[in-house]
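Trainee: One file: entry.cif (mmCIF, C-alpha atoms).
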```cif
data_structure
#
loop_
_atom_site.group_PDB
_atom_site.id
_atom_site.type_symbol
_atom_site.label_atom_id
_atom_site.label_comp_id
_atom_site.auth_asym_id
_atom_site.auth_seq_id
_atom_site.Cartn_x
_atom_site.Cartn_y
_atom_site.Cartn_z
ATOM 1 C CA MET N 3 15.823 -0.798 17.042
ATOM 2 C CA LYS N 4 12.493 0.946 17.312
ATOM 3 C CA ARG N 5 13.874 4.106 15.690
ATOM 4 C CA VAL N 6 15.362 2.018 12.899
ATOM 5 C CA LEU N 7 11.989 0.409 12.236
ATOM 6 C CA THR N 8 10.298 3.795 12.313
ATOM 7 C CA LEU N 9 12.678 5.126 9.697
ATOM 8 C CA VAL N 10 12.265 2.005 7.598
ATOM 9 C CA VAL N 11 8.551 2.561 7.389
ATOM 10 C CA ALA N 12 8.952 6.258 6.638
ATOM 11 C CA ALA N 13 11.613 5.787 4.002
ATOM 12 C CA LEU N 14 9.839 2.964 2.249
ATOM 13 C CA VAL N 15 6.640 4.747 1.409
ATOM 14 C CA GLY N 16 6.975 8.043 3.010
ATOM 15 C CA PHE N 17 3.864 7.626 5.036
ATOM 16 C CA ALA N 18 4.037 4.183 6.569
ATOM 17 C CA MET N 19 2.683 1.546 4.279
ATOM 18 C CA LEU N 20 2.257 -0.577 7.351
ATOM 19 C CA ALA N 21 -0.430 -2.890 6.082
ATOM 20 C CA LEU N 22 1.817 -3.771 3.208
ATOM 21 C CA THR N 23 5.387 -3.560 4.498
ATOM 22 C CA THR N 24 7.302 -6.075 6.559
ATOM 23 C CA VAL N 25 10.703 -4.908 7.633
ATOM 24 C CA THR N 26 11.452 -6.936 10.730
ATOM 25 C CA GLY N 27 14.219 -8.780 8.911
ATOM 26 C CA THR N 28 14.801 -11.326 6.202
ATOM 27 C CA ARG N 29 13.327 -14.780 5.842
ATOM 28 C CA ASN N 30 15.064 -17.655 4.097
ATOM 29 C CA GLY N 31 17.624 -15.189 2.768
ATOM 30 C CA LEU N 32 14.977 -13.073 1.014
ATOM 31 C CA ALA N 33 14.373 -9.393 1.701
ATOM 32 C CA ALA N 34 11.153 -8.680 3.550
ATOM 33 C CA VAL N 35 10.407 -5.714 1.291
ATOM 34 C CA GLU N 36 11.376 -4.988 -2.302
ATOM 35 C CA ILE N 37 11.353 -1.540 -3.887
ATOM 36 C CA HIS N 38 11.237 -1.363 -7.669
ATOM 37 C CA LYS N 39 11.769 1.730 -9.788
ATOM 38 C CA VAL N 40 9.436 1.766 -12.760
ATOM 39 C CA ASP N 41 11.505 4.163 -14.859
ATOM 40 C CA GLU N 42 15.232 4.478 -15.407
ATOM 41 C CA ALA N 43 15.064 8.207 -14.706
ATOM 42 C CA HIS N 44 16.212 9.201 -11.233
ATOM 43 C CA PHE N 45 13.634 10.184 -8.662
ATOM 44 C CA LEU N 46 13.744 13.985 -8.423
ATOM 45 C CA PRO N 47 10.455 15.414 -7.132
ATOM 46 C CA VAL N 48 9.414 18.517 -9.046
ATOM 47 C CA PRO N 49 7.863 21.242 -6.857
ATOM 48 C CA GLY N 50 4.144 21.291 -7.353
ATOM 49 C CA GLN N 51 4.094 17.962 -9.184
ATOM 50 C CA PRO N 52 2.565 14.810 -7.686
ATOM 51 C CA VAL N 53 4.441 11.560 -7.089
ATOM 52 C CA PHE N 54 2.700 8.187 -7.363
ATOM 53 C CA PHE N 55 3.572 4.830 -5.763
ATOM 54 C CA LEU N 56 2.062 1.394 -6.297
ATOM 55 C CA ALA N 57 2.026 -0.713 -3.123
ATOM 56 C CA LEU N 58 1.340 -4.437 -3.459
ATOM 57 C CA GLY N 59 0.749 -7.076 -0.823
ATOM 58 C CA ILE N 60 1.641 -10.434 -2.371
ATOM 59 C CA ASP N 61 -0.215 -13.571 -1.283
ATOM 60 C CA GLY N 62 2.555 -16.117 -1.972
ATOM 61 C CA ARG N 63 2.458 -18.950 0.569
ATOM 62 C CA ALA N 64 2.530 -22.722 0.752
ATOM 63 C CA GLY N 65 -0.224 -24.436 -1.238
ATOM 64 C CA LEU N 66 -0.686 -21.675 -3.816
ATOM 65 C CA LEU N 67 0.290 -21.972 -7.462
ATOM 66 C CA GLY N 68 2.197 -18.766 -8.126
ATOM 67 C CA ASP N 69 1.905 -15.344 -6.514
ATOM 68 C CA ARG N 70 -0.807 -12.734 -6.952
ATOM 69 C CA ALA N 71 -1.328 -9.232 -5.622
ATOM 70 C CA ASP N 72 -3.690 -9.671 -2.694
ATOM 71 C CA ALA N 73 -3.692 -5.963 -1.848
ATOM 72 C CA ILE N 74 -3.313 -3.148 -4.392
ATOM 73 C CA HIS N 75 -3.015 0.496 -3.378
ATOM 74 C CA LEU N 76 -2.152 3.390 -5.693
ATOM 75 C CA ILE N 77 -0.841 6.246 -3.575
ATOM 76 C CA GLY N 78 -0.420 9.813 -4.722
ATOM 77 C CA VAL N 79 1.484 12.481 -2.787
ATOM 78 C CA ASN N 80 1.476 16.210 -3.494
ATOM 79 C CA PRO N 81 4.569 17.573 -1.692
ATOM 80 C CA ALA N 82 3.679 21.245 -2.159
ATOM 81 C CA ALA N 83 0.249 20.807 -0.592
ATOM 82 C CA GLY N 84 1.325 18.245 2.024
ATOM 83 C CA ALA N 85 -1.647 16.154 0.969
ATOM 84 C CA GLY N 86 -2.536 13.159 -1.155
ATOM 85 C CA THR N 87 -4.724 10.157 -1.805
ATOM 86 C CA ILE N 88 -4.691 6.435 -1.118
ATOM 87 C CA LEU N 89 -6.685 4.765 -3.896
ATOM 88 C CA ASN N 90 -7.650 1.223 -2.977
ATOM 89 C CA LEU N 91 -8.166 -1.122 -5.939
ATOM 90 C CA PRO N 92 -10.045 -4.376 -5.213
ATOM 91 C CA ARG N 93 -7.892 -7.366 -6.104
ATOM 92 C CA ASP N 94 -10.674 -9.001 -8.186
ATOM 93 C CA THR N 95 -11.292 -5.958 -10.393
ATOM 94 C CA PHE N 96 -12.122 -7.263 -13.877
ATOM 95 C CA VAL N 97 -9.866 -5.447 -16.361
ATOM 96 C CA GLU N 98 -7.832 -5.797 -19.524
ATOM 97 C CA ILE N 99 -4.394 -7.180 -18.637
ATOM 98 C CA PRO N 100 -1.806 -6.153 -21.258
ATOM 99 C CA GLY N 101 -1.031 -9.138 -23.475
ATOM 100 C CA ARG N 102 -3.359 -11.457 -21.538
ATOM 101 C CA GLY N 103 -6.896 -10.332 -22.214
ATOM 102 C CA ARG N 104 -9.625 -9.865 -19.620
ATOM 103 C CA GLY N 105 -9.088 -11.106 -16.099
ATOM 104 C CA ARG N 106 -8.810 -10.163 -12.451
ATOM 105 C CA ILE N 107 -6.319 -7.358 -12.007
ATOM 106 C CA ASN N 108 -4.232 -9.294 -9.470
ATOM 107 C CA ASP N 109 -3.530 -11.966 -12.103
ATOM 108 C CA ALA N 110 -1.166 -9.473 -13.738
ATOM 109 C CA PHE N 111 1.410 -10.165 -11.030
ATOM 110 C CA PHE N 112 1.095 -13.909 -11.619
ATOM 111 C CA TYR N 113 1.743 -13.487 -15.360
ATOM 112 C CA GLY N 114 4.371 -10.752 -15.349
ATOM 113 C CA GLY N 115 5.413 -9.660 -11.879
ATOM 114 C CA THR N 116 5.635 -6.099 -10.651
ATOM 115 C CA HIS N 117 5.926 -4.331 -13.981
ATOM 116 C CA LEU N 118 2.952 -6.039 -15.619
ATOM 117 C CA GLN N 119 0.956 -5.316 -12.482
ATOM 118 C CA ALA N 120 1.909 -1.652 -12.781
ATOM 119 C CA GLU N 121 0.941 -1.683 -16.469
ATOM 120 C CA ALA N 122 -2.474 -3.100 -15.635
ATOM 121 C CA VAL N 123 -3.051 -0.447 -12.968
ATOM 122 C CA GLU N 124 -1.899 2.323 -15.293
ATOM 123 C CA ARG N 125 -4.156 1.087 -18.091
ATOM 124 C CA LEU N 126 -7.085 1.167 -15.665
ATOM 125 C CA THR N 127 -6.413 4.520 -13.978
ATOM 126 C CA GLY N 128 -4.241 6.471 -16.405
ATOM 127 C CA ILE N 129 -1.800 7.067 -13.533
ATOM 128 C CA HIS N 130 1.864 6.143 -13.942
ATOM 129 C CA PRO N 131 3.611 5.148 -10.675
ATOM 130 C CA SER N 132 7.283 6.012 -10.188
ATOM 131 C CA PHE N 133 7.954 3.229 -7.694
ATOM 132 C CA ILE N 134 6.478 -0.148 -6.794
ATOM 133 C CA LEU N 135 6.704 -1.652 -3.318
ATOM 134 C CA THR N 136 6.020 -5.330 -2.821
ATOM 135 C CA THR N 137 5.805 -7.383 0.327
ATOM 136 C CA ASN N 138 3.991 -10.347 1.848
ATOM 137 C CA PHE N 139 2.026 -10.481 5.088
ATOM 138 C CA PRO N 140 3.989 -12.615 7.599
ATOM 139 C CA GLY N 141 6.205 -9.807 8.863
ATOM 140 C CA LEU N 142 3.333 -7.418 9.576
ATOM 141 C CA GLU N 143 2.802 -8.754 13.085
ATOM 142 C CA GLY N 144 6.382 -8.193 14.135
ATOM 143 C CA LEU N 145 6.539 -4.698 12.689
ATOM 144 C CA VAL N 146 3.383 -3.523 14.413
ATOM 145 C CA ASN N 147 4.588 -4.998 17.688
ATOM 146 C CA ASP N 148 7.971 -3.293 17.359
ATOM 147 C CA LEU N 149 6.197 0.009 16.772
ATOM 148 C CA GLY N 150 4.244 -0.511 19.989
ATOM 149 C CA GLY N 151 0.978 -1.205 18.190
ATOM 150 C CA LEU N 152 -1.383 1.053 16.270
ATOM 151 C CA ASP N 153 -4.513 2.983 17.181
ATOM 152 C CA VAL N 154 -7.076 2.200 14.490
ATOM 153 C CA ASP N 155 -10.573 3.615 14.098
ATOM 154 C CA VAL N 156 -12.564 0.444 13.357
ATOM 155 C CA PRO N 157 -15.629 1.503 11.328
ATOM 156 C CA ILE N 158 -17.808 -1.561 12.058
ATOM 157 C CA ALA N 159 -17.882 -4.265 14.711
ATOM 158 C CA MET N 160 -16.122 -7.477 13.597
ATOM 159 C CA LYS N 161 -16.123 -11.062 14.770
ATOM 160 C CA ASP N 162 -14.656 -13.420 12.163
ATOM 161 C CA LYS N 163 -13.181 -16.810 12.978
ATOM 162 C CA ASN N 164 -11.431 -17.087 9.590
ATOM 163 C CA SER N 165 -9.164 -14.046 9.960
ATOM 164 C CA GLY N 166 -9.335 -13.807 13.749
ATOM 165 C CA ALA N 167 -10.737 -10.268 13.576
ATOM 166 C CA ASP N 168 -12.706 -9.560 16.761
ATOM 167 C CA PHE N 169 -13.178 -5.826 17.378
ATOM 168 C CA PRO N 170 -15.848 -3.434 18.582
ATOM 169 C CA LYS N 171 -16.643 -0.360 16.540
ATOM 170 C CA GLY N 172 -14.460 2.606 17.474
ATOM 171 C CA ARG N 173 -10.844 3.295 18.413
ATOM 172 C CA VAL N 174 -8.885 0.079 19.028
ATOM 173 C CA HIS N 175 -5.224 -0.268 19.974
ATOM 174 C CA MET N 176 -4.010 -3.207 17.862
ATOM 175 C CA ASP N 177 -0.963 -5.385 18.242
ATOM 176 C CA GLY N 178 0.558 -7.131 15.242
ATOM 177 C CA ARG N 179 -1.744 -10.139 15.267
ATOM 178 C CA GLN N 180 -4.810 -7.933 15.487
ATOM 179 C CA ALA N 181 -3.623 -5.593 12.731
ATOM 180 C CA LEU N 182 -3.069 -8.532 10.409
ATOM 181 C CA ALA N 183 -6.526 -9.917 11.217
ATOM 182 C CA PHE N 184 -8.122 -6.508 10.595
ATOM 183 C CA SER N 185 -6.393 -6.151 7.228
ATOM 184 C CA ARG N 186 -7.393 -9.648 6.070
ATOM 185 C CA ASN N 187 -11.008 -9.855 7.206
ATOM 186 C CA ARG N 188 -13.325 -10.057 4.183
ATOM 187 C CA TYR N 189 -16.355 -11.645 5.835
ATOM 188 C CA ILE N 190 -18.031 -8.279 6.256
ATOM 189 C CA PRO N 191 -20.571 -6.294 4.225
ATOM 190 C CA ASP N 192 -19.193 -5.692 0.707
ATOM 191 C CA GLY N 193 -16.396 -8.208 1.332
ATOM 192 C CA ASP N 194 -13.197 -7.347 -0.512
ATOM 193 C CA LEU N 195 -14.406 -3.825 -1.273
ATOM 194 C CA ARG N 196 -14.546 -3.022 2.419
ATOM 195 C CA ARG N 197 -11.385 -4.982 3.202
ATOM 196 C CA THR N 198 -9.222 -2.937 0.859
ATOM 197 C CA GLU N 199 -10.604 0.230 2.459
ATOM 198 C CA HIS N 200 -9.623 -1.104 5.885
ATOM 199 C CA GLN N 201 -6.080 -1.691 4.660
ATOM 200 C CA GLY N 202 -6.011 1.992 3.751
ATOM 201 C CA LEU N 203 -7.076 2.849 7.305
ATOM 202 C CA LEU N 204 -4.085 0.920 8.635
ATOM 203 C CA ILE N 205 -1.814 2.908 6.345
ATOM 204 C CA LEU N 206 -3.182 6.168 7.716
ATOM 205 C CA SER N 207 -2.844 4.949 11.307
ATOM 206 C CA ALA N 208 0.775 4.073 10.656
ATOM 207 C CA LEU N 209 1.456 7.414 8.993
ATOM 208 C CA THR N 210 0.168 9.192 12.075
ATOM 209 C CA LYS N 211 2.508 7.190 14.296
ATOM 210 C CA VAL N 212 5.553 7.605 12.068
ATOM 211 C CA ARG N 213 5.012 11.360 11.782
ATOM 212 C CA ALA N 214 5.007 11.545 15.578
ATOM 213 C CA GLU N 215 8.436 9.839 15.596
ATOM 214 C CA ASN N 216 9.954 11.783 12.693
ATOM 215 C CA PRO N 217 13.709 11.127 12.946
ATOM 216 C CA GLY N 218 14.702 14.302 11.082
ATOM 217 C CA PRO N 219 17.000 14.692 8.060
ATOM 218 C CA GLY N 220 20.256 13.956 9.886
ATOM 219 C CA ALA N 221 19.003 10.805 11.568
ATOM 220 C CA THR N 222 17.473 9.665 8.293
ATOM 221 C CA LEU N 223 20.916 9.491 6.707
ATOM 222 C CA ARG N 224 22.427 7.622 9.658
ATOM 223 C CA TYR N 225 19.732 4.958 9.667
ATOM 224 C CA LEU N 226 19.740 4.262 5.917
ATOM 225 C CA ALA N 227 22.650 1.877 6.400
ATOM 226 C CA ALA N 228 20.528 -0.194 8.761
ATOM 227 C CA LEU N 229 17.653 -0.061 6.311
ATOM 228 C CA ALA N 230 19.776 -1.680 3.629
ATOM 229 C CA ARG N 231 19.985 -4.888 5.682
ATOM 230 C CA HIS N 232 16.224 -5.419 5.530
ATOM 231 C CA VAL N 233 15.204 -4.240 2.083
ATOM 232 C CA ARG N 234 16.136 -5.205 -1.460
ATOM 233 C CA PHE N 235 16.488 -2.206 -3.752
ATOM 234 C CA ASN N 236 15.966 -2.876 -7.435
ATOM 235 C CA ASP N 237 17.684 -0.007 -9.272
ATOM 236 C CA VAL N 238 16.890 2.368 -6.391
ATOM 237 C CA ALA N 239 19.820 4.331 -4.951
ATOM 238 C CA LEU N 240 20.028 5.361 -1.300
ATOM 239 C CA PRO N 241 19.742 9.100 -2.145
ATOM 240 C CA GLU N 242 16.471 8.317 -3.884
ATOM 241 C CA LEU N 243 15.307 6.378 -0.848
ATOM 242 C CA TYR N 244 16.173 9.339 1.349
ATOM 243 C CA ARG N 245 14.095 11.638 -0.850
ATOM 244 C CA LEU N 246 11.201 9.192 -0.666
ATOM 245 C CA GLY N 247 11.319 9.247 3.102
ATOM 246 C CA ARG N 248 11.458 13.011 3.416
ATOM 247 C CA LEU N 249 8.706 13.343 0.827
ATOM 248 C CA GLY N 250 6.411 11.087 2.808
ATOM 249 C CA LEU N 251 7.073 12.805 6.088
ATOM 250 C CA SER N 252 5.892 16.066 4.519
ATOM 251 C CA VAL N 253 2.368 14.681 4.230
ATOM 252 C CA ASP N 254 -0.229 15.487 6.884
ATOM 253 C CA PRO N 255 -2.258 12.319 7.659
ATOM 254 C CA ALA N 256 -5.342 14.485 8.103
ATOM 255 C CA ARG N 257 -4.943 15.563 4.476
ATOM 256 C CA MET N 258 -4.604 12.060 3.040
ATOM 257 C CA ARG N 259 -7.853 10.750 1.548
ATOM 258 C CA ASN N 260 -8.543 7.021 1.764
ATOM 259 C CA VAL N 261 -10.898 6.036 -1.064
ATOM 260 C CA THR N 262 -11.888 2.799 -2.757
ATOM 261 C CA MET N 263 -12.551 2.601 -6.481
ATOM 262 C CA PRO N 264 -16.274 2.877 -7.262
ATOM 263 C CA SER N 265 -17.289 -0.651 -8.153
ATOM 264 C CA ARG N 266 -19.764 -3.469 -7.770
ATOM 265 C CA LEU N 267 -19.477 -7.172 -7.121
ATOM 266 C CA GLY N 268 -20.482 -9.542 -9.928
ATOM 267 C CA GLN N 269 -19.725 -12.611 -12.028
ATOM 268 C CA ALA N 270 -17.744 -13.075 -15.228
ATOM 269 C CA GLY N 271 -18.583 -16.624 -16.237
ATOM 270 C CA ALA N 272 -17.534 -18.797 -13.329
ATOM 271 C CA LEU N 273 -15.375 -16.051 -11.813
ATOM 272 C CA SER N 274 -16.444 -13.890 -8.910
ATOM 273 C CA VAL N 275 -15.171 -10.439 -9.885
ATOM 274 C CA VAL N 276 -15.432 -6.731 -9.188
ATOM 275 C CA PHE N 277 -16.689 -4.524 -12.017
ATOM 276 C CA VAL N 278 -15.414 -0.959 -12.363
ATOM 277 C CA GLY N 279 -18.206 1.498 -11.566
ATOM 278 C CA PRO N 280 -19.227 4.297 -13.953
ATOM 279 C CA GLU N 281 -17.983 6.929 -11.480
ATOM 280 C CA ALA N 282 -14.453 5.512 -11.456
ATOM 281 C CA ALA N 283 -13.217 7.347 -14.559
ATOM 282 C CA GLY N 284 -13.980 10.724 -12.992
ATOM 283 C CA LEU N 285 -12.263 9.719 -9.752
ATOM 284 C CA PHE N 286 -9.135 8.594 -11.602
ATOM 285 C CA ALA N 287 -8.983 11.880 -13.546
ATOM 286 C CA ASP N 288 -9.472 13.888 -10.364
ATOM 287 C CA MET N 289 -6.520 12.131 -8.717
ATOM 288 C CA ARG N 290 -4.325 12.048 -11.801
ATOM 289 C CA ASP N 291 -3.589 15.752 -12.159
ATOM 290 C CA ASP N 292 -2.294 16.579 -8.679
ATOM 291 C CA ALA N 293 -2.869 13.508 -6.428
ATOM 292 C CA ILE N 294 -5.562 15.428 -4.554
ATOM 293 C CA LEU N 295 -9.295 14.807 -4.881
ATOM 294 C CA GLN N 296 -11.246 18.025 -5.333
ATOM 295 C CA ALA N 297 -14.543 16.723 -6.712
ATOM 296 C CA HIS N 298 -14.796 13.411 -4.863
#
```
Spit out the file's structure as structure tokens when you get a sec.
Mentor:
Amino acid sequence: MKRVLTLVVAALVGFAMLALTTVTGTRNGLAAVEIHKVDEAHFLPVPGQPVFFLALGIDGRAGLLGDRADAIHLIGVNPAAGAGTILNLPRDTFVEIPGRGRGRINDAFFYGGTHLQAEAVERLTGIHPSFILTTNFPGLEGLVNDLGGLDVDVPIAMKDKNSGADFPKGRVHMDGRQALAFSRNRYIPDGDLRRTEHQGLLILSALTKVRAENPGPGATLRYLAALARHVRFNDVALPELYRLGRLGLSVDPARMRNVTMPSRLGQAGALSVVFVGPEAAGLFADMRDDAILQAH
């Protein structure tokens, strides 16, 4: 079972989107993870060309009116270089939502689901993702536990009763409950800006673990059948999923940059929002050409 879960993580995002993927099973008949293909064209990585994914953590739960993207990460992988970038976009970023006017970027999911969310991200960054992954948070605990926990470099000490995050600064071995608390804690300096960065740290920690348990090409094929029981594929064929997994496993975690969009907290009328910083356009352009940041 552990090897199946390891493959699931690898094949889903290629480098363990652990903070945003829940693959411990299905709940109420619904798949724990959904993979959406943005374009009709088949996924065939071109040597030397970057591949981009949009990973969304959806906050749907009892008491909320509709679903929104609580976590938004645009991930670029350069297979030839074995490197890439995790670009963390604060959920309250104040942007133009296609067909809806100005609003928080995570409202795009509420109005139009995955594809409108991808449109809003592309309009902001100029980067077109090939695939979208969506999940919610409840399964995170089980997945981390099944992987034997994660070693996470906690950048600041935390003690928050709301999320349950209680960690010293430094390397911490986290079980599922702790990983979820770490990824959700926003009662820290810079609030959501820092929280989205911490979610990126979890992704990198998971990538490191998955790379250490690389099942190899042959085992990847054998375990895809098990993967199909836990994940809903929307217009994504198993050969494409296989290529995604092998693509991700080619990336060296030490060569993945984890960056948060330059921004500042502010107000738009009664809304608490995040404004895009003046340096963001240069960062987006730097990532857009090859998924690797040279000047940032």
Trainee: Mind telling me what the PyMOL selection byres ((chain N and resi 149-157) around 7) catches here, as number ranges by chain?
Mentor: N: 4, 145-148, 158, 171-178, 204, 207-208
Trainee: To test your reading of the syntax: which residues would the PyMOL selection byres ((chain N and resi 273) around 12) return for the file shown? Reply as a PyMOL selection string.
Mentor: chain N and resi 94-96+104-106+267-272+274-277
Trainee: Hey, can you check how far atom CA of N:Leu126 sits from atom CA of N:Gly193?
Mentor: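 Atom CA of N:Gly193 lies 21.5 Å from atom CA of N:Leu126.
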Trainee: Restricting the calculation to only C-alpha atoms, which member of N:Pro131, N:Pro92, N:Pro191, N:Gly84 is positioned closest to N:Thr116?
Mentor: N:Pro131
Trainee: Using all atoms listed in the file for the distances, tell me which of N:Leu285, N:Ala214, N:Ala110, N:Ala183 is nearest to N:Asn90.
Mentor: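 Looking only at the distances to N:Asn90, the closest residue turns out to be N:Leu285.
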Trainee: Can you tell me how far atom CA of N:His298 sits from atom CA of N:Arg257, in Å to one decimal?
Mentor: 13.7 Å
Trainee: For N:Pro100, work out the shell of residues within 10 Å, counting all atoms listed in the file and skipping chain neighbours fewer than 6 positions away, then give it as an NGL selection string.
Mentor: :N and (110 or 114 or 118-119 or 121-122 or 125)
Trainee: Can you measure atom CA of N:Pro280 to atom CA of N:Leu295 for me? One decimal in Å is fine.
Mentor: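 Here the two named atoms are 17.1 Å from each other.
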Trainee: Within 6 Å of N:Asn108, counting all atoms listed in the file, which residues qualify if same-chain residues fewer than 6 places away don't, as a compact mmCIF listing (two decimals) with C-alpha atoms, in the coordinates of the input?
Mentor:
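As written to disk, part21.txt reads:
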```
# COMPACT_ATOMS: atom_id res chain seq x y z
CA ARG N 70 -0.81 -12.73 -6.95
CA ALA N 71 -1.33 -9.23 -5.62
CA ARG N 93 -7.89 -7.37 -6.10
```
Trainee: So which residues touch N:Leu56 within 7 Å, counting all atoms listed in the file, skipping near sequence neighbours fewer than 3 positions away, as a ChimeraX atom specification?
Mentor: /N:75-77,131,133-135
Trainee: Check the smallest atom-to-atom distance from each of N:Gly103, N:Pro255, N:Gly59, N:Gly86 to N:Ala73 using only C-alpha atoms, then report the winner.
Mentor: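 Of the candidates, the smallest distance to N:Ala73 is held by N:Gly59.
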Trainee: Quick one: which residues end up in the PyMOL selection byres ((chain N and resi 160-163) around 9) for this structure, as an mmCIF file with C-alpha atoms, keeping the file's coordinate frame?
Mentor:
```cif
data_model
loop_
_atom_site.group_PDB
_atom_site.id
_atom_site.type_symbol
_atom_site.label_atom_id
_atom_site.label_comp_id
_atom_site.auth_asym_id
_atom_site.auth_seq_id
_atom_site.Cartn_x
_atom_site.Cartn_y
_atom_site.Cartn_z
ATOM 1 C CA VAL N 156 -12.564 0.444 13.357
ATOM 2 C CA ILE N 158 -17.808 -1.561 12.058
ATOM 3 C CA ALA N 159 -17.882 -4.265 14.711
ATOM 4 C CA ASN N 164 -11.431 -17.087 9.590
ATOM 5 C CA SER N 165 -9.164 -14.046 9.960
ATOM 6 C CA GLY N 166 -9.335 -13.807 13.749
ATOM 7 C CA ALA N 167 -10.737 -10.268 13.576
ATOM 8 C CA ASP N 168 -12.706 -9.560 16.761
ATOM 9 C CA PHE N 169 -13.178 -5.826 17.378
ATOM 10 C CA PRO N 170 -15.848 -3.434 18.582
ATOM 11 C CA LYS N 171 -16.643 -0.360 16.540
ATOM 12 C CA ALA N 183 -6.526 -9.917 11.217
ATOM 13 C CA PHE N 184 -8.122 -6.508 10.595
ATOM 14 C CA ASN N 187 -11.008 -9.855 7.206
ATOM 15 C CA ARG N 188 -13.325 -10.057 4.183
ATOM 16 C CA TYR N 189 -16.355 -11.645 5.835
ATOM 17 C CA ILE N 190 -18.031 -8.279 6.256
#
```
Trainee: Of the candidates N:Ala57, N:Leu209, N:Ile107, N:Val79, which one gets nearest to N:Ile294 if we count all atoms listed in the file?
Mentor: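 Selected residue with least distance to N:Ile294: N:Val79.
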Trainee: Nearest to N:Pro52: which of N:His38, N:Ala85, N:Arg213, N:Ala256 is it, counting all atoms listed in the file?
Mentor: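 Nearest to N:Pro52: N:Ala85.
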Trainee: Could you complete stretch 91-102 of chain N so that it carries N, CA and C atoms, and give it back as a JSON list (two decimals), keeping the file's coordinate frame?
Mentor:
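result-v4.json was written with the following content:
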```
[["chain", "number", "residue", "atom", "x", "y", "z"],
["N", 91, "LEU", "N", -7.63, -0.41, -4.78],
["N", 91, "LEU", "CA", -8.17, -1.12, -5.94],
["N", 91, "LEU", "C", -8.46, -2.56, -5.54],
["N", 92, "PRO", "N", -9.72, -2.99, -5.57],
["N", 92, "PRO", "CA", -10.04, -4.38, -5.21],
["N", 92, "PRO", "C", -9.27, -5.37, -6.06],
["N", 93, "ARG", "N", -8.77, -6.41, -5.43],
["N", 93, "ARG", "CA", -7.89, -7.37, -6.10],
["N", 93, "ARG", "C", -8.60, -8.11, -7.23],
["N", 94, "ASP", "N", -9.93, -8.25, -7.17],
["N", 94, "ASP", "CA", -10.67, -9.00, -8.19],
["N", 94, "ASP", "C", -11.25, -8.11, -9.28],
["N", 95, "THR", "N", -10.79, -6.86, -9.36],
["N", 95, "THR", "CA", -11.29, -5.96, -10.39],
["N", 95, "THR", "C", -11.08, -6.56, -11.78],
["N", 96, "PHE", "N", -12.14, -6.61, -12.57],
["N", 96, "PHE", "CA", -12.12, -7.26, -13.88],
["N", 96, "PHE", "C", -11.68, -6.24, -14.92],
["N", 97, "VAL", "N", -10.48, -6.45, -15.48],
["N", 97, "VAL", "CA", -9.87, -5.45, -16.36],
["N", 97, "VAL", "C", -9.20, -6.14, -17.54],
["N", 98, "GLU", "N", -8.67, -5.33, -18.42],
["N", 98, "GLU", "CA", -7.83, -5.80, -19.52],
["N", 98, "GLU", "C", -6.39, -5.84, -19.03],
["N", 99, "ILE", "N", -5.79, -7.03, -19.04],
["N", 99, "ILE", "CA", -4.39, -7.18, -18.64],
["N", 99, "ILE", "C", -3.55, -7.17, -19.91],
["N", 100, "PRO", "N", -2.60, -6.25, -20.02],
["N", 100, "PRO", "CA", -1.81, -6.15, -21.26],
["N", 100, "PRO", "C", -1.23, -7.49, -21.68],
["N", 101, "GLY", "N", -1.56, -7.90, -22.91],
["N", 101, "GLY", "CA", -1.03, -9.14, -23.48],
["N", 101, "GLY", "C", -1.72, -10.40, -22.99],
["N", 102, "ARG", "N", -2.72, -10.27, -22.12],
["N", 102, "ARG", "CA", -3.36, -11.46, -21.54],
["N", 102, "ARG", "C", -4.87, -11.46, -21.67]]
```
